[in-house]
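Next comes model-v9.tsv, a file with TSV, C-alpha atoms.
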```tsv
chain	number	residue	atom	x	y	z
A	1	MET	CA	-64.27	-40.23	-41.70
A	2	ILE	CA	-60.63	-41.27	-42.03
A	3	ALA	CA	-59.44	-38.04	-40.37
A	4	LYS	CA	-61.83	-38.54	-37.41
A	5	ALA	CA	-60.72	-42.17	-37.01
A	6	MET	CA	-57.12	-41.08	-37.04
A	7	GLN	CA	-57.75	-38.45	-34.37
A	8	ARG	CA	-59.28	-41.08	-32.07
A	9	VAL	CA	-56.28	-43.41	-32.26
A	10	GLN	CA	-53.52	-40.82	-32.46
A	11	PRO	CA	-51.13	-41.36	-29.55
A	12	VAL	CA	-49.62	-38.38	-27.80
A	13	GLY	CA	-46.34	-37.23	-29.34
A	14	LEU	CA	-46.67	-38.71	-32.86
A	15	SER	CA	-47.21	-36.45	-35.84
A	16	ARG	CA	-50.23	-36.81	-38.12
A	17	GLN	CA	-47.97	-37.79	-40.96
A	18	ALA	CA	-46.38	-40.57	-38.92
A	19	ILE	CA	-49.83	-41.94	-38.12
A	20	VAL	CA	-50.85	-41.82	-41.78
A	21	VAL	CA	-47.65	-43.63	-42.75
A	22	ALA	CA	-48.41	-46.31	-40.12
A	23	TRP	CA	-51.92	-46.72	-41.55
A	24	LEU	CA	-50.51	-46.98	-45.05
A	25	PHE	CA	-48.27	-49.84	-44.01
A	26	VAL	CA	-51.16	-51.58	-42.22
A	27	ALA	CA	-53.15	-51.29	-45.47
A	28	MET	CA	-50.30	-53.12	-47.19
A	29	MET	CA	-49.82	-55.88	-44.60
A	30	VAL	CA	-53.43	-56.78	-43.74
A	31	PRO	CA	-54.33	-58.16	-47.21
A	32	GLU	CA	-51.24	-60.36	-47.11
A	33	LEU	CA	-52.23	-61.80	-43.72
A	34	VAL	CA	-55.90	-62.35	-44.64
A	35	LEU	CA	-54.98	-63.95	-47.98
A	36	ARG	CA	-52.88	-66.48	-46.12
A	37	VAL	CA	-55.82	-67.51	-43.91
A	38	ARG	CA	-58.89	-66.93	-46.14
A	39	PRO	CA	-57.97	-66.36	-49.81
A	40	VAL	CA	-61.50	-65.46	-50.96
A	41	VAL	CA	-61.94	-62.91	-48.13
A	42	GLY	CA	-58.40	-61.68	-48.65
A	43	ILE	CA	-59.15	-60.75	-52.26
A	44	TYR	CA	-61.87	-58.38	-51.06
A	45	VAL	CA	-59.55	-57.02	-48.36
A	46	ALA	CA	-56.84	-56.40	-50.97
A	47	ALA	CA	-59.33	-54.56	-53.17
A	48	ILE	CA	-60.53	-52.45	-50.22
A	49	SER	CA	-56.93	-51.77	-49.25
A	50	PHE	CA	-56.10	-50.66	-52.78
A	51	ALA	CA	-59.14	-48.38	-52.91
A	52	GLY	CA	-58.33	-46.99	-49.45
A	53	LEU	CA	-54.74	-46.18	-50.42
A	54	LEU	CA	-55.95	-44.36	-53.52
A	55	ALA	CA	-58.38	-42.43	-51.29
A	56	VAL	CA	-55.47	-41.42	-49.03
A	57	ALA	CA	-53.54	-40.26	-52.10
A	58	LEU	CA	-56.48	-38.12	-53.16
A	59	ARG	CA	-57.28	-36.75	-49.67
A	60	TRP	CA	-53.74	-35.86	-48.59
A	61	GLY	CA	-51.81	-34.48	-51.55
A	62	GLU	CA	-48.53	-34.39	-49.64
A	63	MET	CA	-48.77	-38.19	-49.10
A	64	ARG	CA	-49.68	-38.95	-52.69
A	65	LYS	CA	-46.43	-40.56	-53.78
A	66	LEU	CA	-46.13	-42.79	-50.71
A	67	ALA	CA	-49.78	-43.84	-50.93
A	68	ILE	CA	-49.45	-44.73	-54.62
A	69	ALA	CA	-46.23	-46.61	-53.89
A	70	ALA	CA	-48.00	-48.54	-51.13
A	71	ALA	CA	-50.96	-49.27	-53.43
A	72	VAL	CA	-48.65	-51.17	-55.78
A	73	TRP	CA	-48.48	-54.17	-53.40
A	74	PRO	CA	-52.22	-55.01	-53.06
A	75	LEU	CA	-52.59	-54.37	-56.80
A	76	THR	CA	-49.74	-56.82	-57.45
A	77	LEU	CA	-51.53	-59.44	-55.35
A	78	LEU	CA	-54.80	-58.84	-57.23
A	79	LEU	CA	-53.13	-59.06	-60.63
A	80	THR	CA	-51.24	-62.23	-59.74
A	81	ALA	CA	-54.41	-63.85	-58.37
A	82	ALA	CA	-56.21	-63.00	-61.61
A	83	LEU	CA	-53.62	-64.85	-63.70
A	84	PRO	CA	-53.29	-68.38	-62.23
A	85	GLN	CA	-50.37	-70.39	-63.56
A	86	PRO	CA	-49.81	-74.18	-63.78
A	87	ASP	CA	-46.87	-74.22	-61.39
A	88	ILE	CA	-45.40	-72.14	-58.57
A	89	PHE	CA	-42.38	-70.95	-60.59
A	90	ARG	CA	-44.57	-69.35	-63.24
A	91	GLN	CA	-46.84	-67.90	-60.53
A	92	THR	CA	-43.81	-66.41	-58.79
A	93	GLY	CA	-42.64	-65.04	-62.13
A	94	VAL	CA	-45.98	-63.29	-62.68
A	95	LEU	CA	-45.79	-61.82	-59.16
A	96	TYR	CA	-42.30	-60.42	-59.65
A	97	ASP	CA	-42.95	-59.23	-63.22
A	98	THR	CA	-46.01	-57.29	-62.03
A	99	LEU	CA	-44.10	-55.84	-59.08
A	100	LEU	CA	-41.16	-54.79	-61.27
A	101	VAL	CA	-43.29	-53.20	-63.99
A	102	LEU	CA	-45.42	-51.23	-61.53
A	103	ALA	CA	-42.53	-50.23	-59.26
A	104	ALA	CA	-40.18	-49.24	-62.08
A	105	GLY	CA	-42.97	-47.41	-63.87
A	106	TYR	CA	-43.88	-45.34	-60.82
A	107	GLU	CA	-40.25	-44.75	-59.92
A	108	TYR	CA	-39.83	-43.23	-63.40
A	109	ILE	CA	-42.99	-41.13	-63.06
A	110	PHE	CA	-41.92	-39.82	-59.63
A	111	ALA	CA	-38.42	-39.08	-60.97
A	112	LEU	CA	-39.91	-36.64	-63.46
A	113	ASP	CA	-40.56	-34.29	-60.54
A	114	GLU	CA	-37.50	-35.13	-58.43
A	115	PRO	CA	-34.50	-36.32	-60.49
A	116	SER	CA	-32.81	-39.04	-58.51
A	117	THR	CA	-29.15	-39.99	-58.26
A	118	ALA	CA	-30.03	-43.28	-56.62
A	119	TYR	CA	-28.57	-45.40	-59.43
A	120	SER	CA	-25.22	-43.77	-60.19
A	121	LEU	CA	-21.96	-45.25	-58.92
A	122	GLY	CA	-19.14	-42.95	-57.85
A	123	LYS	CA	-15.46	-43.75	-57.46
A	124	TYR	CA	-15.85	-45.06	-53.89
A	125	TYR	CA	-18.16	-47.89	-54.95
A	126	GLY	CA	-15.13	-49.94	-56.02
A	127	LEU	CA	-14.91	-51.01	-52.36
A	128	THR	CA	-18.62	-50.98	-51.57
A	129	ILE	CA	-19.69	-53.40	-54.30
A	130	PRO	CA	-17.30	-56.19	-53.13
A	131	LEU	CA	-18.49	-55.57	-49.58
A	132	MET	CA	-22.08	-56.11	-50.74
A	133	ILE	CA	-21.01	-59.37	-52.40
A	134	VAL	CA	-19.39	-60.58	-49.17
A	135	VAL	CA	-22.42	-59.65	-47.06
A	136	GLY	CA	-24.72	-61.21	-49.65
A	137	GLU	CA	-22.77	-64.47	-49.51
A	138	ALA	CA	-22.99	-64.48	-45.73
A	139	LEU	CA	-26.74	-63.97	-45.88
A	140	GLY	CA	-26.97	-66.68	-48.52
A	141	VAL	CA	-25.23	-69.14	-46.18
A	142	LEU	CA	-27.59	-68.15	-43.38
A	143	GLY	CA	-30.53	-68.56	-45.75
A	144	PHE	CA	-29.31	-72.01	-46.75
A	145	GLY	CA	-29.08	-72.99	-43.08
A	146	LEU	CA	-32.64	-71.88	-42.38
A	147	LEU	CA	-34.39	-72.58	-45.67
A	148	ARG	CA	-32.64	-75.57	-47.28
A	149	HIS	CA	-35.88	-77.58	-47.00
A	150	GLN	CA	-38.10	-74.71	-48.22
A	151	TYR	CA	-36.99	-74.64	-51.87
A	152	ALA	CA	-40.16	-74.20	-53.92
A	153	PHE	CA	-38.83	-74.64	-57.47
A	154	ARG	CA	-37.81	-78.31	-57.50
A	155	GLY	CA	-37.77	-79.75	-60.99
A	156	MET	CA	-37.17	-76.40	-62.68
A	157	SER	CA	-34.04	-75.72	-64.74
A	158	LEU	CA	-31.40	-74.32	-62.36
A	159	PRO	CA	-29.90	-71.82	-64.85
A	160	LEU	CA	-33.42	-70.51	-65.41
A	161	VAL	CA	-34.06	-70.17	-61.67
A	162	ALA	CA	-30.66	-68.48	-61.16
A	163	THR	CA	-31.35	-65.95	-63.93
A	164	ALA	CA	-34.82	-65.32	-62.56
A	165	ALA	CA	-33.37	-64.87	-59.04
A	166	VAL	CA	-31.28	-61.92	-60.24
A	167	LEU	CA	-34.36	-60.29	-61.75
A	168	TYR	CA	-36.36	-61.06	-58.60
A	169	ALA	CA	-33.69	-59.30	-56.52
A	170	ILE	CA	-33.87	-56.20	-58.74
A	171	ALA	CA	-37.68	-56.17	-58.51
A	172	GLU	CA	-37.61	-56.41	-54.70
A	173	GLU	CA	-35.09	-53.58	-54.39
A	174	PHE	CA	-36.93	-51.34	-56.85
A	175	TYR	CA	-40.04	-51.62	-54.71
A	176	PHE	CA	-39.13	-52.09	-51.05
A	177	ARG	CA	-36.11	-49.81	-50.97
A	178	GLY	CA	-36.36	-47.61	-54.07
A	179	LEU	CA	-40.05	-46.78	-53.63
A	180	ILE	CA	-41.31	-47.58	-50.14
A	181	GLN	CA	-38.27	-46.75	-47.99
A	182	ARG	CA	-37.29	-43.70	-50.02
A	183	GLN	CA	-40.80	-42.20	-50.06
A	184	ALA	CA	-41.48	-43.04	-46.40
A	185	ALA	CA	-38.25	-41.33	-45.34
A	186	LYS	CA	-39.78	-38.02	-46.44
A	187	TYR	CA	-42.51	-38.29	-43.77
A	188	VAL	CA	-40.85	-40.09	-40.85
A	189	GLN	CA	-37.30	-40.42	-39.61
A	190	PRO	CA	-35.18	-42.38	-42.12
A	191	ILE	CA	-34.40	-45.04	-39.49
A	192	ILE	CA	-38.14	-45.59	-38.96
A	193	ALA	CA	-38.65	-45.82	-42.72
A	194	ALA	CA	-35.85	-48.41	-42.91
A	195	ALA	CA	-37.43	-50.47	-40.11
A	196	ALA	CA	-40.86	-50.28	-41.74
A	197	ALA	CA	-39.48	-51.39	-45.12
A	198	ALA	CA	-37.78	-54.36	-43.43
A	199	VAL	CA	-41.01	-55.36	-41.66
A	200	LEU	CA	-43.00	-55.05	-44.90
A	201	TYR	CA	-40.45	-57.20	-46.72
A	202	ALA	CA	-40.80	-59.86	-44.02
A	203	ALA	CA	-44.60	-59.63	-44.15
A	204	ALA	CA	-44.51	-60.20	-47.91
A	205	ASN	CA	-42.94	-63.62	-47.19
A	206	ILE	CA	-45.81	-64.74	-44.96
A	207	GLY	CA	-47.35	-67.01	-47.61
A	208	GLN	CA	-45.10	-69.93	-46.72
A	209	SER	CA	-45.68	-73.13	-44.75
A	210	ASN	CA	-43.88	-72.04	-41.58
A	211	ALA	CA	-42.23	-69.05	-39.92
A	212	LEU	CA	-38.64	-69.65	-41.06
A	213	PRO	CA	-38.98	-67.70	-44.36
A	214	VAL	CA	-40.43	-64.76	-42.42
A	215	VAL	CA	-37.58	-64.87	-39.88
A	216	PHE	CA	-34.96	-64.95	-42.62
A	217	ALA	CA	-36.78	-62.24	-44.58
A	218	LEU	CA	-36.71	-60.04	-41.46
A	219	ILE	CA	-32.95	-60.53	-41.06
A	220	SER	CA	-32.16	-60.00	-44.74
A	221	GLY	CA	-34.68	-57.16	-45.04
A	222	ALA	CA	-33.13	-55.39	-42.06
A	223	THR	CA	-29.68	-55.76	-43.63
A	224	LEU	CA	-30.87	-54.43	-46.98
A	225	SER	CA	-32.74	-51.53	-45.40
A	226	ALA	CA	-29.69	-50.67	-43.29
A	227	VAL	CA	-27.48	-50.64	-46.39
A	228	TYR	CA	-29.97	-48.37	-48.15
A	229	TYR	CA	-30.17	-46.15	-45.06
A	230	PHE	CA	-26.41	-45.52	-45.15
A	231	LYS	CA	-26.04	-45.54	-48.96
A	232	PRO	CA	-29.35	-44.89	-50.78
A	233	ASN	CA	-28.45	-46.67	-53.99
A	234	ILE	CA	-30.43	-49.66	-55.23
A	235	VAL	CA	-27.46	-50.90	-57.28
A	236	LEU	CA	-25.79	-51.78	-53.95
A	237	THR	CA	-28.86	-53.41	-52.42
A	238	SER	CA	-29.63	-55.25	-55.65
A	239	THR	CA	-26.06	-56.63	-55.69
A	240	LEU	CA	-26.43	-57.79	-52.09
A	241	ASN	CA	-29.88	-59.31	-52.68
A	242	ALA	CA	-28.89	-61.07	-55.91
A	243	THR	CA	-25.68	-62.46	-54.34
A	244	MET	CA	-27.72	-63.74	-51.40
A	245	LYS	CA	-30.14	-65.58	-53.66
A	246	LEU	CA	-27.42	-66.99	-55.93
A	247	THR	CA	-25.38	-68.21	-52.94
A	248	TYR	CA	-28.48	-69.93	-51.55
A	249	LEU	CA	-29.09	-71.62	-54.91
A	250	GLY	CA	-25.45	-72.64	-55.23
A	251	LEU	CA	-25.43	-74.27	-51.80
A	252	LEU	CA	-28.72	-76.01	-52.58
A	253	VAL	CA	-27.25	-77.45	-55.79
A	254	THR	CA	-24.12	-78.63	-53.96
A	255	PHE	CA	-25.61	-80.17	-50.84
A	256	VAL	CA	-29.33	-80.81	-51.38
A	257	LEU	CA	-30.35	-81.09	-55.04
A	258	HIS	CA	-28.27	-83.99	-56.29
B	259	MET	CA	-36.00	-66.45	-49.98
B	260	PHE	CA	-38.47	-65.64	-52.77
B	261	LEU	CA	-41.78	-63.79	-52.58
B	262	GLN	CA	-44.77	-65.99	-53.37
B	263	LEU	CA	-48.50	-65.60	-53.59
B	264	PRO	CA	-49.74	-66.57	-50.11
B	265	PHE	CA	-52.47	-68.84	-51.50
B	266	HIS	CA	-53.30	-71.06	-54.47
B	267	SER	CA	-55.25	-69.06	-57.03
B	268	THR	CA	-58.26	-70.95	-58.40
B	269	THR	CA	-60.72	-70.21	-61.19
B	270	TYR	CA	-63.27	-69.11	-58.59
B	271	VAL	CA	-60.83	-66.60	-57.09
B	272	GLN	CA	-59.90	-65.43	-60.57
B	273	HIS	CA	-63.52	-64.62	-61.40
B	274	ILE	CA	-63.97	-62.71	-58.14
B	275	VAL	CA	-60.82	-60.69	-58.75
B	276	LEU	CA	-61.84	-59.73	-62.25
B	277	ILE	CA	-65.30	-58.64	-61.12
B	278	LEU	CA	-63.78	-56.65	-58.24
B	279	ASN	CA	-61.42	-54.90	-60.62
B	280	THR	CA	-64.41	-53.80	-62.65
B	281	VAL	CA	-65.87	-52.14	-59.56
B	282	ILE	CA	-62.53	-50.60	-58.60
B	283	VAL	CA	-61.94	-49.10	-62.07
B	284	ILE	CA	-65.37	-47.53	-62.22
B	285	THR	CA	-65.19	-46.27	-58.62
B	286	SER	CA	-61.69	-44.88	-59.11
B	287	LEU	CA	-62.66	-43.02	-62.26
B	288	ILE	CA	-65.77	-41.56	-60.60
B	289	VAL	CA	-63.88	-40.50	-57.46
B	290	VAL	CA	-61.01	-38.97	-59.39
B	291	GLU	CA	-63.44	-37.08	-61.62
B	292	LEU	CA	-65.48	-35.80	-58.64
B	293	VAL	CA	-62.39	-34.69	-56.70
B	294	TYR	CA	-60.70	-32.95	-59.58
B	295	ALA	CA	-63.75	-31.67	-61.48
B	296	ASP	CA	-63.54	-28.14	-60.07
B	297	ALA	CA	-59.82	-28.15	-59.30
B	298	PRO	CA	-57.71	-25.40	-60.85
B	299	PRO	CA	-55.57	-26.44	-63.83
B	300	GLU	CA	-52.31	-26.40	-61.85
B	301	LYS	CA	-53.70	-28.99	-59.46
B	302	ARG	CA	-54.92	-31.35	-62.17
B	303	ARG	CA	-51.43	-32.27	-63.30
B	304	GLN	CA	-51.17	-34.69	-60.35
B	305	LEU	CA	-53.73	-36.91	-62.09
B	306	ARG	CA	-51.02	-38.40	-64.28
B	307	TYR	CA	-49.83	-40.46	-61.30
B	308	PHE	CA	-53.06	-42.47	-61.34
B	309	TYR	CA	-53.30	-43.18	-65.04
B	310	PRO	CA	-50.99	-46.24	-65.13
B	311	LEU	CA	-52.82	-47.93	-62.25
B	312	VAL	CA	-56.20	-47.24	-63.85
B	313	LEU	CA	-54.83	-48.43	-67.20
B	314	VAL	CA	-53.77	-51.74	-65.70
B	315	LEU	CA	-57.18	-52.25	-64.13
B	316	ALA	CA	-58.91	-51.29	-67.37
B	317	ALA	CA	-56.87	-53.96	-69.17
B	318	MET	CA	-58.01	-56.50	-66.58
B	319	LEU	CA	-61.59	-55.36	-67.11
B	320	ALA	CA	-61.21	-56.00	-70.84
B	321	TYR	CA	-59.77	-59.44	-70.07
B	322	ALA	CA	-62.70	-60.14	-67.75
B	323	VAL	CA	-65.20	-59.19	-70.44
B	324	TYR	CA	-63.37	-61.36	-72.97
B	325	ASN	CA	-63.38	-64.29	-70.52
B	326	GLN	CA	-67.06	-63.97	-69.80
B	327	VAL	CA	-67.93	-63.69	-73.50
B	328	LYS	CA	-65.74	-66.62	-74.43
B	329	HIS	CA	-66.84	-68.83	-71.52
B	330	PRO	CA	-70.41	-67.83	-70.55
```

Could you express the structure from this file as C-alpha cells?
Amino acid sequence: MIAKAMQRVQPVGLSRQAIVVAWLFVAMMVPELVLRVRPVVGIYVAAISFAGLLAVALRWGEMRKLAIAAAVWPLTLLLTAALPQPDIFRQTGVLYDTLLVLAAGYEYIFALDEPSTAYSLGKYYGLTIPLMIVVGEALGVLGFGLLRHQYAFRGMSLPLVATAAVLYAIAEEFYFRGLIQRQAAKYVQPIIAAAAAAVLYAAANIGQSNALPVVFALISGATLSAVYYFKPNIVLTSTLNATMKLTYLGLLVTFVLH
Amino acid sequence: MFLQLPFHSTTYVQHIVLILNTVIVITSLIVVELVYADAPPEKRRQLRYFYPLVLVLAAMLAYAVYNQVKHP
C-alpha cells in the first residue's frame, strides 16, 4: 500500500529513495505540528508515525538505519508525554535525556557495522574549534536579540541551567547531525540531507508561543548543518551549539535577569 | 533556543500514551515475528536494531500496568 501511494505521488526526476526520505521526514514533522494544535490527537499521530517508520524499516532493508533514526523523535515525544513533570525545566530535561539515550544508543549500535571517525580530532582542529566558539558566540548574540523575552526557565538556578544547556547541545548534535543528517546523506545528496536536518531542527522548536524560536532555530540549524556538511564531526557542532546556548544565557543574566 | 514539548502533558494524555504504547509493543512484536519468521539466519541479525526500541516500550508497558494496579 505504501509503495503504491509512493508511485502515485512520485514526481518526475526524483529517485525512489529520495521520495522515501521525504516521507520519513514528514513522518517526523507531522506529529510535532499536530501536538502543538491538538495534543490528544497528536499523541495518536505520533504513535502512528512511530509505527509507520518501523514499517518502513522492515519493508525497505536499505533504509532501515534512517527509518530507525527517524523513529527516535516520535518515540521521544511519546516518552516525554508519558512522564509529566511539575515544571518546564524538568520536562525539558526528560525530553533531552530521552533523546540523548536513544540517539547515543542507536549511534553505537549502527557503529558496530560501520566504525565511525566522526568524533576524533586531528591536528587541524586547533583552528577549527576556536572558529566554532566565535561562530557560536555570534549565534548566541543573535539568539539573545530574537529570544530575550522567550526564556522558559525563570526561577531556576543559573549554574544548573548552564550545565544542562551543554548537555542539551550534545543531545541535539548526537541526533540531528550525528544520526539524521549522516544517515540521510547516504540516500540523497549531502547538501539535501543538511537542509532537511536544518528544517527538522526548526520544526522541533515549533512548540513555542510564537514564530521567533522557529526562525532562530532555522538559522542556527542551517549553520550547524553546514558545519557538519563541511566537517562531519559532532565535536565541532556540539562546541558551536553549546557556545551559542551559553552566550545566550550569559547575555540574559547580564541584561535581562537582574 | 531549547527544544520543548509542544504541549502541556496532563494525566489524561499520560494514560492515553501508556495505553497506546501497549498496542505498539504488541503490534511491533507481532509484525517483526511475522516478517522474520521464515527469513534465513543471515537476515535475522538485523533484528537487533529493534530490540532497544521495543525494550523501552516494554518498560513503559510495565509502568502502565503498575499505574493501573496502584490507581484503579

Exercise for review: Return the neighbours of chain A among the residues of chain B, cut-off 6 Å, counting only C-alpha atoms, as a PyMOL selection string.
Suggested key: chain B and resi 261-262+264-265+267+272+275

When you count only C-alpha atoms, which of these residues is closest to B:Thr269: A:Thr163, A:Val56, A:Pro86, A:Arg154?
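Comparing A:Thr163, A:Val56, A:Pro86, A:Arg154 against B:Thr269, the winner is A:Pro86.
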
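Here atom CA of A:Gln189 is placed at a distance of 17.8 Å from atom CA of A:Gly221.
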
Atom pair atom CA of A:Gly52 + atom CA of A:Phe176, distance 19.9 Å

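Separating atom CA of B:Leu315 from atom CA of B:Leu276 is a distance of 9.0 Å.
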
From the options A:Met63, A:Leu142, A:Met132, A:Val45, which residue's atoms come nearest to A:Thr237, counting only C-alpha atoms?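 So, comparing all the options, the nearest one is A:Met132.
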
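For the set B:Ala316, B:His266, B:Tyr324, B:Phe260, the residue with the smallest atom-to-atom gap to B:Asn279 is B:Ala316, counting all atoms listed in the file.
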
Centre, edges in Å (one decimal): axis-aligned box, stretch 267-273 of chain B, 6 Å padding on all six sides, as lines of an AutoDock Vina configuration file:
```
center_x = -59.4
center_y = -67.8
center_z = -59.2
size_x = 20.3
size_y = 18.3
size_z = 16.4
```

query = Which of these, A:Leu257, A:Ala70, A:Asp97, A:Ala18, has the shortest distance to A:Ala164 once you count all atoms listed in the file?
reply =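 Looking at the shortest contact to A:Ala164, the residue is A:Asp97.
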
Could I get stretch 261-273 of chain B rebuilt with N, CA, C and O atoms, written as a PDB file, keeping the file's coordinate frame?
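The new file rebuild.pdb reads:
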```pdb
ATOM      1  N   LEU B 261     -40.385 -64.145 -52.835  1.00  0.00           N
ATOM      2  CA  LEU B 261     -41.780 -63.790 -52.580  1.00  0.00           C
ATOM      3  C   LEU B 261     -42.702 -64.747 -53.334  1.00  0.00           C
ATOM      4  O   LEU B 261     -42.396 -65.150 -54.457  1.00  0.00           O
ATOM      5  N   GLN B 262     -43.804 -65.135 -52.704  1.00  0.00           N
ATOM      6  CA  GLN B 262     -44.770 -65.990 -53.370  1.00  0.00           C
ATOM      7  C   GLN B 262     -46.166 -65.529 -53.023  1.00  0.00           C
ATOM      8  O   GLN B 262     -46.395 -64.882 -52.006  1.00  0.00           O
ATOM      9  N   LEU B 263     -47.106 -65.885 -53.892  1.00  0.00           N
ATOM     10  CA  LEU B 263     -48.500 -65.600 -53.590  1.00  0.00           C
ATOM     11  C   LEU B 263     -48.880 -66.449 -52.374  1.00  0.00           C
ATOM     12  O   LEU B 263     -48.614 -67.651 -52.349  1.00  0.00           O
ATOM     13  N   PRO B 264     -49.502 -65.839 -51.354  1.00  0.00           N
ATOM     14  CA  PRO B 264     -49.740 -66.570 -50.110  1.00  0.00           C
ATOM     15  C   PRO B 264     -50.873 -67.593 -50.178  1.00  0.00           C
ATOM     16  O   PRO B 264     -51.277 -68.135 -49.163  1.00  0.00           O
ATOM     17  N   PHE B 265     -51.404 -67.857 -51.372  1.00  0.00           N
ATOM     18  CA  PHE B 265     -52.470 -68.840 -51.500  1.00  0.00           C
ATOM     19  C   PHE B 265     -52.450 -69.387 -52.919  1.00  0.00           C
ATOM     20  O   PHE B 265     -51.751 -68.867 -53.794  1.00  0.00           O
ATOM     21  N   HIS B 266     -53.210 -70.462 -53.137  1.00  0.00           N
ATOM     22  CA  HIS B 266     -53.300 -71.060 -54.470  1.00  0.00           C
ATOM     23  C   HIS B 266     -54.486 -70.431 -55.191  1.00  0.00           C
ATOM     24  O   HIS B 266     -55.621 -70.556 -54.747  1.00  0.00           O
ATOM     25  N   SER B 267     -54.190 -69.747 -56.301  1.00  0.00           N
ATOM     26  CA  SER B 267     -55.250 -69.060 -57.030  1.00  0.00           C
ATOM     27  C   SER B 267     -56.062 -70.059 -57.846  1.00  0.00           C
ATOM     28  O   SER B 267     -55.515 -70.836 -58.621  1.00  0.00           O
ATOM     29  N   THR B 268     -57.377 -70.050 -57.665  1.00  0.00           N
ATOM     30  CA  THR B 268     -58.260 -70.950 -58.400  1.00  0.00           C
ATOM     31  C   THR B 268     -59.102 -70.160 -59.397  1.00  0.00           C
ATOM     32  O   THR B 268     -59.071 -68.922 -59.418  1.00  0.00           O
ATOM     33  N   THR B 269     -59.852 -70.875 -60.207  1.00  0.00           N
ATOM     34  CA  THR B 269     -60.720 -70.210 -61.190  1.00  0.00           C
ATOM     35  C   THR B 269     -61.761 -69.359 -60.480  1.00  0.00           C
ATOM     36  O   THR B 269     -62.100 -68.257 -60.935  1.00  0.00           O
ATOM     37  N   TYR B 270     -62.276 -69.854 -59.355  1.00  0.00           N
ATOM     38  CA  TYR B 270     -63.270 -69.110 -58.590  1.00  0.00           C
ATOM     39  C   TYR B 270     -62.705 -67.790 -58.114  1.00  0.00           C
ATOM     40  O   TYR B 270     -63.340 -66.737 -58.232  1.00  0.00           O
ATOM     41  N   VAL B 271     -61.482 -67.824 -57.569  1.00  0.00           N
ATOM     42  CA  VAL B 271     -60.830 -66.600 -57.090  1.00  0.00           C
ATOM     43  C   VAL B 271     -60.574 -65.660 -58.270  1.00  0.00           C
ATOM     44  O   VAL B 271     -60.728 -64.439 -58.159  1.00  0.00           O
ATOM     45  N   GLN B 272     -60.169 -66.248 -59.385  1.00  0.00           N
ATOM     46  CA  GLN B 272     -59.900 -65.430 -60.570  1.00  0.00           C
ATOM     47  C   GLN B 272     -61.135 -64.653 -60.992  1.00  0.00           C
ATOM     48  O   GLN B 272     -61.062 -63.467 -61.315  1.00  0.00           O
ATOM     49  N   HIS B 273     -62.284 -65.303 -61.003  1.00  0.00           N
ATOM     50  CA  HIS B 273     -63.520 -64.620 -61.400  1.00  0.00           C
ATOM     51  C   HIS B 273     -63.858 -63.498 -60.432  1.00  0.00           C
ATOM     52  O   HIS B 273     -64.263 -62.404 -60.833  1.00  0.00           O
TER      53      HIS B 273
END
```
